[in-house]
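run.cif follows; it contains mmCIF, C-alpha atoms.
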data_query
loop_
_atom_site.label_atom_id
_atom_site.label_comp_id
_atom_site.auth_asym_id
_atom_site.auth_seq_id
_atom_site.Cartn_x
_atom_site.Cartn_y
_atom_site.Cartn_z
CA MET X 688 0.00 0.00 0.00
CA ALA X 689 1.04 3.60 -0.56
CA ARG X 690 2.19 6.41 1.71
CA ILE X 691 -0.01 9.38 0.75
CA LEU X 692 0.20 13.10 1.49
CA ILE X 693 -3.08 14.99 1.14
CA HIS X 694 -2.23 18.61 0.27
CA SER X 695 -5.41 20.70 0.54
CA LEU X 696 -6.20 24.32 1.29
CA ILE X 697 -9.21 23.16 3.34
CA PHE X 698 -9.61 20.14 5.64
CA LYS X 699 -11.46 19.28 8.81
CA PRO X 700 -12.14 20.70 11.34
CA ASP X 701 -13.00 23.51 8.90
CA GLY X 702 -16.71 23.17 8.20
CA VAL X 703 -17.09 23.35 4.40
CA SER X 704 -17.81 20.82 1.67
CA THR X 705 -14.22 20.28 0.46
CA ALA X 706 -13.10 19.67 4.05
CA TYR X 707 -15.78 17.03 4.56
CA LEU X 708 -15.16 15.48 1.14
CA TYR X 709 -11.45 14.98 1.68
CA ALA X 710 -11.89 13.91 5.30
CA ASP X 711 -14.20 11.13 4.13
CA LEU X 712 -11.73 10.21 1.39
CA VAL X 713 -8.92 10.00 3.94
CA SER X 714 -10.97 7.64 6.11
CA GLU X 715 -11.85 5.40 3.17
CA LEU X 716 -8.26 5.26 1.85
CA LYS X 717 -7.08 4.42 5.35
CA LYS X 718 -9.54 1.50 5.46
CA LEU X 719 -8.01 0.30 2.19
CA GLY X 720 -4.60 0.09 3.88
CA HIS X 721 -2.85 3.32 2.89
CA GLU X 722 -0.71 5.41 5.28
CA ILE X 723 -1.78 9.05 5.14
CA GLU X 724 -0.72 12.49 6.36
CA VAL X 725 -2.39 15.83 5.62
CA ILE X 726 -0.99 19.33 5.16
CA THR X 727 -3.61 22.10 5.21
CA THR X 728 -4.59 25.38 6.91
CA THR X 729 -6.11 26.19 10.27
CA PRO X 730 -9.93 26.44 10.27
CA HIS X 731 -10.85 29.81 8.80
CA TYR X 732 -13.63 29.46 6.26
CA ASN X 733 -16.41 28.16 8.50
CA ILE X 734 -15.33 27.73 12.11
CA ILE X 735 -17.53 25.30 14.05
CA PRO X 736 -16.43 25.21 17.72
CA SER X 737 -17.89 21.73 18.34
CA ASP X 738 -15.86 20.30 15.43
CA ILE X 739 -12.68 21.89 16.78
CA GLN X 740 -13.39 20.37 20.20
CA LYS X 741 -13.55 16.94 18.56
CA GLN X 742 -10.34 17.60 16.60
CA PRO X 743 -8.31 20.04 18.71
CA LEU X 744 -5.26 21.76 17.25
CA LYS X 745 -2.01 21.79 19.20
CA ARG X 746 1.00 23.90 18.32
CA LYS X 747 3.75 21.75 16.77
CA ASN X 748 6.31 24.52 16.32
CA LEU X 749 6.51 28.22 15.51
CA PHE X 750 4.68 27.93 12.17
CA PHE X 751 2.54 24.79 12.36
CA TYR X 752 -0.30 23.31 14.38
CA GLN X 753 -1.16 19.63 14.47
CA SER X 754 -4.39 17.69 14.96
CA ILE X 755 -5.43 14.08 14.53
CA TYR X 756 -8.31 13.05 12.30
CA ASP X 757 -9.34 9.38 12.35
CA GLY X 758 -5.84 8.45 13.50
CA VAL X 759 -4.23 10.48 10.68
CA PRO X 760 -1.81 13.36 11.51
CA VAL X 761 -2.97 16.69 10.10
CA TYR X 762 -0.57 19.65 9.93
CA HIS X 763 -2.19 23.10 9.87
CA ILE X 764 -0.64 26.34 8.60
CA PRO X 765 -2.27 29.44 10.18
CA MET X 766 -4.67 31.28 7.88
CA THR X 767 -7.47 33.79 8.39
CA LYS X 768 -10.50 34.60 6.28
CA SER X 769 -10.13 38.11 4.90
CA LYS X 770 -12.31 40.19 2.59
CA PHE X 771 -9.19 41.96 1.28
CA VAL X 772 -7.70 40.46 -1.89
CA LEU X 773 -4.13 41.47 -1.01
CA LYS X 774 -4.36 39.82 2.42
CA ARG X 775 -5.69 36.61 0.85
CA MET X 776 -2.83 36.62 -1.66
CA VAL X 777 -0.27 37.02 1.13
CA ASP X 778 -1.88 34.13 3.01
CA PHE X 779 -1.73 31.93 -0.10
CA VAL X 780 1.97 32.71 -0.59
CA LYS X 781 2.66 31.97 3.08
CA PHE X 782 0.71 28.69 2.81
CA HIS X 783 2.78 27.59 -0.20
CA ILE X 784 6.13 28.53 1.34
CA LEU X 785 5.40 26.83 4.65
CA THR X 786 4.06 23.77 2.85
CA LEU X 787 7.47 23.36 1.22
CA CYS X 788 9.08 23.86 4.64
CA SER X 789 6.97 21.01 6.00
CA THR X 790 9.17 18.56 4.10
CA PHE X 791 11.63 18.82 7.00
CA PHE X 792 9.31 16.87 9.32
CA ILE X 793 6.99 14.95 6.95
CA ARG X 794 8.16 11.49 5.93
CA LYS X 795 8.81 10.41 2.37
CA PHE X 796 5.65 9.46 0.52
CA ASP X 797 4.62 7.76 -2.70
CA ILE X 798 1.72 10.03 -3.65
CA VAL X 799 0.72 13.65 -3.08
CA LEU X 800 -2.95 14.27 -3.80
CA ALA X 801 -4.05 17.91 -4.09
CA PRO X 802 -7.47 19.36 -4.97
CA SER X 803 -7.92 22.74 -6.64
CA PRO X 804 -8.44 25.61 -5.97
CA PRO X 805 -6.08 27.39 -5.89
CA LEU X 806 -4.35 26.50 -9.14
CA THR X 807 -0.95 27.15 -7.59
CA ILE X 808 -1.45 24.30 -5.13
CA GLY X 809 -0.72 22.00 -8.08
CA VAL X 810 2.69 23.63 -8.59
CA ILE X 811 3.66 23.12 -4.96
CA SER X 812 2.39 19.53 -5.04
CA CYS X 813 4.68 18.78 -7.99
CA PHE X 814 7.63 20.24 -6.05
CA LEU X 815 6.68 18.26 -2.94
CA ALA X 816 6.48 15.05 -4.92
CA ARG X 817 9.88 15.67 -6.47
CA LEU X 818 11.47 16.50 -3.09
CA LYS X 819 10.04 13.39 -1.43
CA GLY X 820 10.44 10.94 -4.28
CA GLY X 821 6.70 10.57 -4.93
CA LYS X 822 4.20 11.31 -7.67
CA ALA X 823 1.63 14.11 -7.79
CA ILE X 824 -2.09 13.72 -8.49
CA TYR X 825 -3.90 16.98 -9.25
CA ASN X 826 -7.66 16.89 -8.62
CA VAL X 827 -9.52 19.49 -10.72
CA GLN X 828 -12.51 20.61 -8.64
CA GLU X 829 -12.77 23.91 -10.54
CA ILE X 830 -11.05 24.87 -13.79
CA TYR X 831 -8.65 27.74 -13.25
CA PRO X 832 -7.91 30.30 -14.57
CA ASP X 833 -11.10 29.90 -16.66
CA PHE X 834 -13.32 30.22 -13.57
CA ALA X 835 -11.74 33.52 -12.48
CA ILE X 836 -11.73 34.91 -16.03
CA ASN X 837 -15.41 34.16 -16.58
CA GLN X 838 -16.30 35.63 -13.20
CA GLY X 839 -14.67 38.88 -14.27
CA VAL X 840 -12.25 38.70 -11.35
CA LEU X 841 -9.23 38.20 -13.62
CA LYS X 842 -8.96 40.73 -16.47
CA ASN X 843 -5.26 41.59 -16.80
CA GLY X 844 -3.94 40.08 -20.04
CA PHE X 845 -0.45 39.46 -18.67
CA MET X 846 -1.74 37.69 -15.56
CA ILE X 847 -4.04 35.53 -17.69
CA LYS X 848 -1.07 34.41 -19.79
CA VAL X 849 0.94 33.67 -16.65
CA LEU X 850 -1.81 31.61 -15.06
CA LYS X 851 -2.47 29.69 -18.27
CA SER X 852 1.23 28.80 -18.30
CA VAL X 853 0.95 27.69 -14.67
CA GLU X 854 -2.09 25.59 -15.59
CA ARG X 855 -0.18 23.82 -18.38
CA TYR X 856 2.75 23.23 -16.03
CA VAL X 857 0.52 21.59 -13.41
CA TYR X 858 -1.29 19.36 -15.89
CA ASN X 859 1.86 18.22 -17.63
CA ARG X 860 4.14 17.81 -14.59
CA SER X 861 1.61 15.90 -12.47
CA ALA X 862 1.73 12.12 -12.74
CA ALA X 863 -2.06 12.06 -12.99
CA VAL X 864 -4.83 14.62 -13.44
CA VAL X 865 -8.26 13.77 -12.07
CA THR X 866 -11.40 15.63 -13.12
CA ILE X 867 -14.76 15.19 -11.43
CA ASP X 868 -16.83 15.20 -14.61
CA ASP X 869 -16.56 14.25 -18.28
CA LYS X 870 -17.33 17.84 -19.30
CA PHE X 871 -14.35 19.06 -17.25
CA SER X 872 -12.27 16.34 -18.87
CA GLY X 873 -13.25 17.50 -22.35
CA ILE X 874 -12.28 21.10 -21.55
CA ILE X 875 -8.79 20.38 -20.22
CA LYS X 876 -7.89 17.38 -22.39
CA PRO X 877 -6.41 19.50 -25.23
CA ARG X 878 -4.20 21.23 -22.65
CA ILE X 879 -2.40 18.00 -21.65
CA VAL X 880 0.38 16.52 -23.78
CA ASP X 881 0.06 12.97 -22.40
CA GLN X 882 -3.71 12.59 -22.34
CA GLN X 883 -3.48 9.07 -20.88
CA LYS X 884 -2.72 10.61 -17.48
CA LEU X 885 -6.23 12.11 -17.40
CA SER X 886 -8.87 10.28 -15.30
CA ILE X 887 -12.48 11.00 -14.36
CA ILE X 888 -13.36 10.30 -10.73
CA PRO X 889 -16.50 12.04 -9.47
CA ASN X 890 -17.02 13.53 -6.05
CA PHE X 891 -19.18 11.54 -3.69
CA VAL X 892 -21.50 11.66 -0.71
CA ASP X 893 -21.70 9.84 2.59
CA THR X 894 -24.91 7.92 1.93
CA THR X 895 -24.95 6.75 5.56
CA LEU X 896 -25.06 10.36 6.83
CA TYR X 897 -27.31 11.90 4.19
CA VAL X 898 -30.38 9.69 4.38
CA PRO X 899 -34.09 10.35 3.78
CA GLY X 900 -35.71 11.94 6.81
CA GLU X 901 -38.99 13.30 8.07
CA ARG X 902 -40.16 16.55 6.49
CA HIS X 903 -41.34 17.80 9.91
CA ASN X 904 -38.49 17.63 12.43
CA SER X 905 -36.91 19.69 15.19
CA PHE X 906 -35.16 22.03 12.72
CA SER X 907 -38.34 22.78 10.75
CA ALA X 908 -40.22 23.33 14.01
CA GLN X 909 -37.52 25.66 15.36
CA TYR X 910 -37.76 27.98 12.35
CA GLY X 911 -41.53 27.76 11.79
CA LEU X 912 -41.31 25.81 8.52
CA ASP X 913 -43.82 23.06 9.20
CA ASP X 914 -46.75 24.85 7.54
CA LYS X 915 -44.66 26.31 4.68
CA PHE X 916 -43.50 25.08 1.28
CA VAL X 917 -39.72 25.25 1.70
CA ILE X 918 -37.10 25.72 -1.06
CA THR X 919 -33.60 25.33 0.39
CA TYR X 920 -30.13 26.39 -0.70
CA ALA X 921 -27.22 25.44 1.57
CA GLY X 922 -23.63 26.34 0.72
CA ASN X 923 -21.41 29.13 -0.49
CA ILE X 924 -23.19 32.44 -1.12
CA GLY X 925 -20.81 33.68 -3.78
CA TYR X 926 -20.31 34.76 -7.39
CA ALA X 927 -20.76 31.25 -8.80
CA GLN X 928 -24.48 31.45 -7.99
CA ASN X 929 -27.06 33.79 -9.52
CA TRP X 930 -29.27 35.17 -6.74
CA ASN X 931 -31.56 37.27 -8.93
CA PRO X 932 -33.97 34.43 -9.84
CA ILE X 933 -34.47 33.56 -6.17
CA VAL X 934 -35.14 37.20 -5.25
CA PHE X 935 -37.51 37.53 -8.24
CA ALA X 936 -39.39 34.34 -7.34
CA ALA X 937 -39.67 35.40 -3.69
CA GLU X 938 -41.24 38.72 -4.79
CA LYS X 939 -43.60 37.12 -7.27
CA LEU X 940 -44.77 34.30 -4.97
CA ARG X 941 -44.94 36.23 -1.71
CA HIS X 942 -48.72 35.71 -1.61
CA LEU X 943 -48.19 31.93 -1.21
CA PRO X 944 -46.93 30.03 1.87
CA VAL X 945 -43.56 29.58 0.14
CA VAL X 946 -40.27 30.16 1.99
CA PHE X 947 -36.76 30.29 0.52
CA LEU X 948 -34.28 29.01 3.12
CA ILE X 949 -30.68 30.05 2.40
CA LEU X 950 -27.87 28.83 4.65
CA GLY X 951 -24.20 29.67 4.32
CA ASP X 952 -21.69 32.46 3.91
CA GLY X 953 -19.75 34.15 1.15
CA VAL X 954 -18.94 37.39 -0.62
CA MET X 955 -22.52 37.88 -1.87
CA LYS X 956 -24.17 37.43 1.51
CA PRO X 957 -24.08 41.15 2.45
CA TRP X 958 -25.73 42.05 -0.90
CA LEU X 959 -28.34 39.37 -0.40
CA LYS X 960 -29.07 40.53 3.14
CA GLU X 961 -29.44 44.16 1.98
CA THR X 962 -31.70 43.13 -0.92
CA ILE X 963 -33.96 41.08 1.37
CA ALA X 964 -34.32 44.08 3.71
CA ALA X 965 -34.85 46.61 0.92
CA LYS X 966 -37.56 44.53 -0.75
CA GLN X 967 -39.04 43.41 2.60
CA LEU X 968 -38.87 39.77 1.54
CA GLU X 969 -40.06 38.04 4.68
CA ASN X 970 -40.29 34.80 2.71
CA ILE X 971 -36.49 34.51 2.46
CA LEU X 972 -34.90 33.09 5.63
CA LEU X 973 -31.13 33.72 5.65
CA LEU X 974 -29.08 31.69 8.15
CA ASP X 975 -25.38 31.07 8.79
CA TYR X 976 -23.59 27.80 8.08
CA GLN X 977 -24.88 24.95 10.23
CA PRO X 978 -22.92 21.98 11.68
CA ARG X 979 -22.61 19.06 9.28
CA GLU X 980 -24.39 16.77 11.72
CA LEU X 981 -27.47 18.97 11.40
CA MET X 982 -27.51 18.93 7.59
CA PRO X 983 -29.53 15.70 7.20
CA GLN X 984 -32.33 17.34 9.22
CA ILE X 985 -32.01 20.56 7.21
CA ASN X 986 -32.14 18.66 3.91
CA ALA X 987 -35.16 16.71 5.08
CA ALA X 988 -36.94 19.90 6.22
CA ALA X 989 -37.10 21.10 2.60
CA ASP X 990 -39.83 20.24 0.14
CA VAL X 991 -37.40 20.93 -2.67
CA HIS X 992 -33.81 22.20 -2.91
CA THR X 993 -32.41 24.65 -5.42
CA ILE X 994 -29.15 25.48 -7.20
CA VAL X 995 -29.03 28.59 -9.43
CA MET X 996 -25.80 28.86 -11.39
CA ASN X 997 -24.12 32.01 -12.69
CA ALA X 998 -23.92 31.96 -16.50
CA GLY X 999 -20.34 33.21 -16.43
CA THR X 1000 -19.02 30.25 -14.43
CA ASP X 1001 -21.58 27.54 -15.22
CA ALA X 1002 -19.17 25.64 -17.48
CA GLU X 1003 -16.24 25.60 -15.02
CA GLY X 1004 -17.93 24.69 -11.74
CA PHE X 1005 -19.81 21.73 -10.31
CA PRO X 1006 -21.64 22.13 -6.97
CA SER X 1007 -21.03 18.92 -5.03
CA LYS X 1008 -24.06 19.67 -2.84
CA ILE X 1009 -26.16 18.01 -5.56
CA TYR X 1010 -24.98 14.63 -4.23
CA SER X 1011 -26.13 15.23 -0.65
CA ILE X 1012 -29.47 16.64 -1.88
CA LEU X 1013 -30.24 13.54 -3.94
CA SER X 1014 -28.90 11.24 -1.23
CA SER X 1015 -31.43 12.85 1.13
CA ALA X 1016 -34.22 11.86 -1.30
CA ARG X 1017 -35.19 15.43 -2.08
CA PRO X 1018 -35.93 16.84 -5.56
CA VAL X 1019 -34.12 19.92 -6.84
CA ILE X 1020 -34.90 22.95 -9.01
CA VAL X 1021 -31.77 23.92 -10.95
CA SER X 1022 -30.89 26.79 -13.26
CA THR X 1023 -28.00 25.66 -15.47
CA GLY X 1024 -27.01 25.18 -19.11
CA ASP X 1025 -27.95 22.05 -21.05
CA ASN X 1026 -24.33 21.10 -21.67
CA SER X 1027 -22.78 22.32 -18.42
CA PRO X 1028 -21.21 19.75 -16.06
CA LEU X 1029 -24.21 20.09 -13.75
CA GLY X 1030 -26.69 19.95 -16.63
CA CYS X 1031 -25.18 16.73 -17.97
CA PHE X 1032 -25.23 15.18 -14.49
CA LEU X 1033 -28.91 16.07 -14.04
CA LYS X 1034 -29.77 14.33 -17.31
CA LYS X 1035 -28.09 11.15 -16.07
CA ALA X 1036 -29.94 11.43 -12.77
CA ASP X 1037 -33.26 12.06 -14.57
CA CYS X 1038 -33.83 15.33 -12.70
CA ARG X 1039 -36.52 17.14 -14.66
CA ARG X 1040 -36.95 20.48 -12.87
CA VAL X 1041 -34.23 22.31 -14.82
CA VAL X 1042 -34.64 25.87 -16.13
CA PRO X 1043 -32.44 28.01 -18.44
CA LEU X 1044 -29.78 30.32 -17.08
CA ASP X 1045 -30.72 33.93 -16.27
CA ASP X 1046 -34.46 33.32 -16.78
CA ASN X 1047 -36.21 34.75 -13.75
CA GLU X 1048 -39.70 34.05 -15.08
CA ALA X 1049 -38.92 30.41 -15.86
CA TYR X 1050 -37.39 29.93 -12.43
CA ALA X 1051 -40.40 31.41 -10.63
CA ALA X 1052 -42.68 29.24 -12.78
CA ALA X 1053 -40.66 26.13 -11.82
CA VAL X 1054 -41.05 26.96 -8.12
CA LEU X 1055 -44.79 27.47 -8.56
CA LYS X 1056 -45.09 24.19 -10.48
CA ALA X 1057 -43.27 22.30 -7.71
CA TYR X 1058 -45.63 23.90 -5.18
CA GLU X 1059 -48.63 22.72 -7.21
CA GLU X 1060 -47.15 19.22 -7.66
CA LYS X 1061 -46.37 18.45 -4.01
CA ASN X 1062 -47.73 14.93 -4.44
CA LEU X 1063 -45.03 14.09 -7.03
CA LEU X 1064 -42.00 15.29 -5.08
CA GLN X 1065 -41.41 12.27 -2.85
CA GLU X 1066 -41.20 9.86 -5.77
CA GLU X 1067 -38.74 12.20 -7.54
CA GLY X 1068 -36.63 12.30 -4.40
CA ASN X 1069 -36.62 8.53 -4.08
CA ARG X 1070 -35.32 8.13 -7.64
CA GLY X 1071 -32.46 10.49 -6.88
CA ARG X 1072 -31.53 8.51 -3.76
CA VAL X 1073 -31.30 5.26 -5.74
CA PHE X 1074 -29.18 6.94 -8.44
CA VAL X 1075 -26.65 8.28 -5.91
CA GLU X 1076 -26.42 5.01 -3.99
CA GLN X 1077 -25.57 3.14 -7.16
CA ASN X 1078 -23.01 5.59 -8.54
CA TYR X 1079 -21.67 8.11 -6.00
CA SER X 1080 -21.16 6.47 -2.61
CA LYS X 1081 -17.90 7.30 -0.82
CA GLU X 1082 -16.89 3.63 -0.87
CA ALA X 1083 -17.26 3.32 -4.66
CA VAL X 1084 -15.37 6.56 -5.40
CA ALA X 1085 -12.58 5.87 -2.88
CA LEU X 1086 -12.00 2.53 -4.60
CA LYS X 1087 -11.37 4.39 -7.88
CA TYR X 1088 -8.73 6.56 -6.17
CA HIS X 1089 -7.27 3.41 -4.62
CA GLN X 1090 -6.91 1.81 -8.05
CA LEU X 1091 -5.34 4.96 -9.55
CA ILE X 1092 -2.86 5.24 -6.67
CA ASN X 1093 -1.85 1.58 -6.97
CA SER X 1094 -1.33 1.95 -10.72
CA LEU X 1095 1.05 4.89 -10.15
CA CYS X 1096 2.97 3.05 -7.44
#

How does this structure look as C-alpha cells?
Amino acid sequence: MARILIHSLIFKPDGVSTAYLYADLVSELKKLGHEIEVITTTPHYNIIPSDIQKQPLKRKNLFFYQSIYDGVPVYHIPMTKSKFVLKRMVDFVKFHILTLCSTFFIRKFDIVLAPSPPLTIGVISCFLARLKGGKAIYNVQEIYPDFAINQGVLKNGFMIKVLKSVERYVYNRSAAVVTIDDKFSGIIKPRIVDQQKLSIIPNFVDTTLYVPGERHNSFSAQYGLDDKFVITYAGNIGYAQNWNPIVFAAEKLRHLPVVFLILGDGVMKPWLKETIAAKQLENILLLDYQPRELMPQINAAADVHTIVMNAGTDAEGFPSKIYSILSSARPVIVSTGDNSPLGCFLKKADCRRVVPLDDNEAYAAAVLKAYEEKNLLQEEGNRGRVFVEQNYSKEAVALKYHQLINSLC
C-alpha cells in the first residue's frame, strides 16, 4: 500500500464541503490500507467550535499546528479569512512557502494528492512530490484560470497568460490529473500533452449520513417551517451562484406560503441581506452555516432544494451539494445550461426540474409548479436517492482513487 500526502487548502475541522469530502476520502483510503498524512490550513472558512473540540489543534512549532483526524496526523498552517484580496494573496503565498518547509518533518511518501483551488497548489504539489520521491495527483474541482476569467475577477492580459502557463505546467508535470466530470475532462484534455494521465473520478457523498428523513423535524419546528413550502439552498453564497432568480421568485410568490431558506456564507451574503431588507422579503430566511451533523435534518426539512448557477461560471464549476441533496431523497430545481457539467449530471440522474440560465420568469414558474405538484415530489426524491447510492457512494469513489494510486505506485 502507498504512503499518501493529502495537500489541501481546506480540511477538517473547517466546516465546508471540500473539508468534509477529503476527510471522508482520507478515512476510506485508510480503510483500504494506505498510510496518510495531511498538510492544510487552520480552520478559517467556517469555524464550528464543536468540530474543533472533537479535533483540537495543538502547536507543533513556531509555524505549524497539528491535529489528529481518524488516526491520521494533520498539519495546519495558520490562515485567516479576509475580505481583502491582497491579504488573501499574502496568506496563499505563506501557505505555499510553509508547505514546502513542512518537508523537514513529513516522511517520504509515494503520492501527493491535491485538490484545486487554488491553481498554484498544483505547482507546490509537484515540487513536494519531487522532493520526497513521490508522484503528484492533481484533482480538478474547478477549472482555473477559466473560472476567475469568466467571473470577471481576472482581467489583466499578462496575468491571464501567466496563469495559463501555470495551468499547463501543473497538468503536464503531475503524474495524474483527475477531473470530477466528463465535461471538465473535455475542456482540459487538449491542454495535456500525455492525455493518458487524465482520469475521471467524481465527487461523492456519505450515503450513511445523508439519508431520507422526516419533512417535519426539530429544525423545521424551530424555524416555523412546518406549515410552509420550503425551497432550500445550503452552501457558499458567492459569485458562482445567480441570486436574482431567487429574489424575483420570492417577490412574485410572496402571496403563497412559500419560503426560501438560504444557509451559508460568502462574498454575496451582504448584498443578499441588503436586498432582502430593501424589498421586505419576509419569505427569504437567511441563516449562517450549520454543523454538518445537522444537515440531514435541514435537507429533510425542505420540500425541494435549489441550485441557481451564474452563467459566467456555469461551465467551469460543479456544486457537489447536488450529491447530498439527492442522497437525502429530495428533488431539486436547478438553473443551469444544457451542456454544463451540472446539466449533464442532471440528465443522467433524470432530474426534470431544470430551467435556463438567467431566466427569472422560468425559475419562478418552476417553483410554482413544484408547489402545485407536491404529491409528485417524494417519488422524484426517491429516484435520486437510488441513483446516488448506485453511482456516488464514498466507498465506490474511494475505490477508484485506490486503483489509480496503486497503478502509479

Run the PyMOL selection byres ((chain X and resi 950-967) around 6) mentally over the shown coordinates, then write out the matched residues as a ChimeraX atom specification, using the chain letters and numbers from the document.
/X:921-925,949,968-969,973-976

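Applied to this file, the PyMOL selection byres ((chain X and resi 694-696) around 7) selects the residues Leu692, Ile693, Ile697, Phe698, Val725, Ile726, Thr727, Thr728, Val799, Leu800, Ala801 and Pro802 of chain X.
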
Show which residues sit within 12 Å of Leu785 of chain X, as a list in words. Count only C-alpha atoms, and ignore same-chain residues fewer than 4 positions away.
Ile726, Thr727, Thr728, Asn748, Leu749, Phe750, Phe751, Tyr752, Tyr762, His763, Ile764, Pro765, Met766, Asp778, Phe779, Val780, Lys781, Ser789, Thr790, Phe791, Phe792, Ile811 and Leu815 of chain X

At what distance in Å, to one decimal, does atom CA of Asp757 of chain X lie from atom CA of Asp711 of chain X?
9.7 Å

Which residues of segment 748-866 of chain X come within 12 Å of segment 1080-1090 of chain X, and what is each one's closest atom pair and distance in Å (one decimal), counting only C-alpha atoms, sorted by chain and residue number, as JSON lines?
{"residue": "X:Ile798", "atom": "CA", "partner": "X:His1089", "partner_atom": "CA", "distance": 11.2}
{"residue": "X:Leu800", "atom": "CA", "partner": "X:Tyr1088", "partner_atom": "CA", "distance": 9.9}
{"residue": "X:Ile824", "atom": "CA", "partner": "X:Tyr1088", "partner_atom": "CA", "distance": 10.0}
{"residue": "X:Tyr825", "atom": "CA", "partner": "X:Tyr1088", "partner_atom": "CA", "distance": 11.9}
{"residue": "X:Asn826", "atom": "CA", "partner": "X:Tyr1088", "partner_atom": "CA", "distance": 10.7}
{"residue": "X:Ala863", "atom": "CA", "partner": "X:Tyr1088", "partner_atom": "CA", "distance": 11.0}
{"residue": "X:Val864", "atom": "CA", "partner": "X:Tyr1088", "partner_atom": "CA", "distance": 11.5}
{"residue": "X:Val865", "atom": "CA", "partner": "X:Tyr1088", "partner_atom": "CA", "distance": 9.3}
{"residue": "X:Thr866", "atom": "CA", "partner": "X:Tyr1088", "partner_atom": "CA", "distance": 11.7}

Apply the PyMOL selection byres ((chain X and resi 919) around 9) to the file shown and report the selected residues as a PDB file with C-alpha atoms, in the frame of the given file.
ATOM      1  CA  VAL X 917     -39.720  25.250   1.700  1.00  0.00           C
ATOM      2  CA  ILE X 918     -37.100  25.720  -1.060  1.00  0.00           C
ATOM      3  CA  TYR X 920     -30.130  26.390  -0.700  1.00  0.00           C
ATOM      4  CA  ALA X 921     -27.220  25.440   1.570  1.00  0.00           C
ATOM      5  CA  VAL X 946     -40.270  30.160   1.990  1.00  0.00           C
ATOM      6  CA  PHE X 947     -36.760  30.290   0.520  1.00  0.00           C
ATOM      7  CA  LEU X 948     -34.280  29.010   3.120  1.00  0.00           C
ATOM      8  CA  ILE X 949     -30.680  30.050   2.400  1.00  0.00           C
ATOM      9  CA  LEU X 950     -27.870  28.830   4.650  1.00  0.00           C
ATOM     10  CA  ILE X 985     -32.010  20.560   7.210  1.00  0.00           C
ATOM     11  CA  ASN X 986     -32.140  18.660   3.910  1.00  0.00           C
ATOM     12  CA  ALA X 988     -36.940  19.900   6.220  1.00  0.00           C
ATOM     13  CA  ALA X 989     -37.100  21.100   2.600  1.00  0.00           C
ATOM     14  CA  ASP X 990     -39.830  20.240   0.140  1.00  0.00           C
ATOM     15  CA  VAL X 991     -37.400  20.930  -2.670  1.00  0.00           C
ATOM     16  CA  HIS X 992     -33.810  22.200  -2.910  1.00  0.00           C
ATOM     17  CA  THR X 993     -32.410  24.650  -5.420  1.00  0.00           C
ATOM     18  CA  ILE X 994     -29.150  25.480  -7.200  1.00  0.00           C
TER      19      ILE X 994
END

Taking (-10.6, 29.8, 9.9) as a centre in this file's frame and 9 Å as the limit, can you find every polymer residue with an atom that close, using only C-alpha atoms, and give them as a ChimeraX atom specification?
/X:701,728-734,765-768

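Of note, atom CA of Met688 of chain X and atom CA of Ala823 of chain X are spaced 16.2 Å apart.
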
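Atom CA of Tyr1079 of chain X is found 19.0 Å from atom CA of Val703 of chain X.
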
Name the residues in contact with Gly1068 of chain X at a cut-off of 10 Å, using all atoms listed in the file, excluding same-chain residues fewer than 6 positions from it; report them as a PyMOL selection string.
chain X and resi 899+990-991+1012-1019+1038

Just C-alpha atoms for this one: save the residues we selected as a PDB file, in the coordinates of the input.
ATOM      1  CA  PRO X 899     -34.090  10.350   3.780  1.00  0.00           C
ATOM      2  CA  ASP X 990     -39.830  20.240   0.140  1.00  0.00           C
ATOM      3  CA  VAL X 991     -37.400  20.930  -2.670  1.00  0.00           C
ATOM      4  CA  ILE X1012     -29.470  16.640  -1.880  1.00  0.00           C
ATOM      5  CA  LEU X1013     -30.240  13.540  -3.940  1.00  0.00           C
ATOM      6  CA  SER X1014     -28.900  11.240  -1.230  1.00  0.00           C
ATOM      7  CA  SER X1015     -31.430  12.850   1.130  1.00  0.00           C
ATOM      8  CA  ALA X1016     -34.220  11.860  -1.300  1.00  0.00           C
ATOM      9  CA  ARG X1017     -35.190  15.430  -2.080  1.00  0.00           C
ATOM     10  CA  PRO X1018     -35.930  16.840  -5.560  1.00  0.00           C
ATOM     11  CA  VAL X1019     -34.120  19.920  -6.840  1.00  0.00           C
ATOM     12  CA  CYS X1038     -33.830  15.330 -12.700  1.00  0.00           C
TER      13      CYS X1038
END

Could you give me, as a tab-separated table, every segment 865-956 of chain X residue with an atom at most 6 Å from segment 995-998 of chain X, plus its closest atom pair and distance in Å to one decimal, counting only C-alpha atoms, rows ordered by chain then number?
residue	atom	partner	partner_atom	distance
X:Ala927	CA	X:Asn997	CA	5.2
X:Gln928	CA	X:Met996	CA	4.5
X:Asn929	CA	X:Asn997	CA	4.7

Can segment 910-916 of chain X be brought up to N, CA and C atoms and written out as an mmCIF file, keeping the file's coordinate frame?
data_model
loop_
_atom_site.group_PDB
_atom_site.id
_atom_site.type_symbol
_atom_site.label_atom_id
_atom_site.label_comp_id
_atom_site.auth_asym_id
_atom_site.auth_seq_id
_atom_site.Cartn_x
_atom_site.Cartn_y
_atom_site.Cartn_z
ATOM 1 N N TYR X 910 -37.715 26.797 13.211
ATOM 2 C CA TYR X 910 -37.760 27.980 12.350
ATOM 3 C C TYR X 910 -39.147 28.189 11.708
ATOM 4 N N GLY X 911 -40.158 27.530 12.241
ATOM 5 C CA GLY X 911 -41.530 27.760 11.790
ATOM 6 C C GLY X 911 -41.778 27.365 10.354
ATOM 7 N N LEU X 912 -41.210 26.230 9.922
ATOM 8 C CA LEU X 912 -41.310 25.810 8.520
ATOM 9 C C LEU X 912 -42.346 24.723 8.285
ATOM 10 N N ASP X 913 -42.954 24.222 9.345
ATOM 11 C CA ASP X 913 -43.820 23.060 9.200
ATOM 12 C C ASP X 913 -45.041 23.322 8.318
ATOM 13 N N ASP X 914 -45.555 24.539 8.334
ATOM 14 C CA ASP X 914 -46.750 24.850 7.540
ATOM 15 C C ASP X 914 -46.405 25.638 6.281
ATOM 16 N N LYS X 915 -45.117 25.589 5.870
ATOM 17 C CA LYS X 915 -44.660 26.310 4.680
ATOM 18 C C LYS X 915 -44.188 25.324 3.608
ATOM 19 N N PHE X 916 -44.149 25.815 2.362
ATOM 20 C CA PHE X 916 -43.500 25.080 1.280
ATOM 21 C C PHE X 916 -42.076 25.617 1.193
#
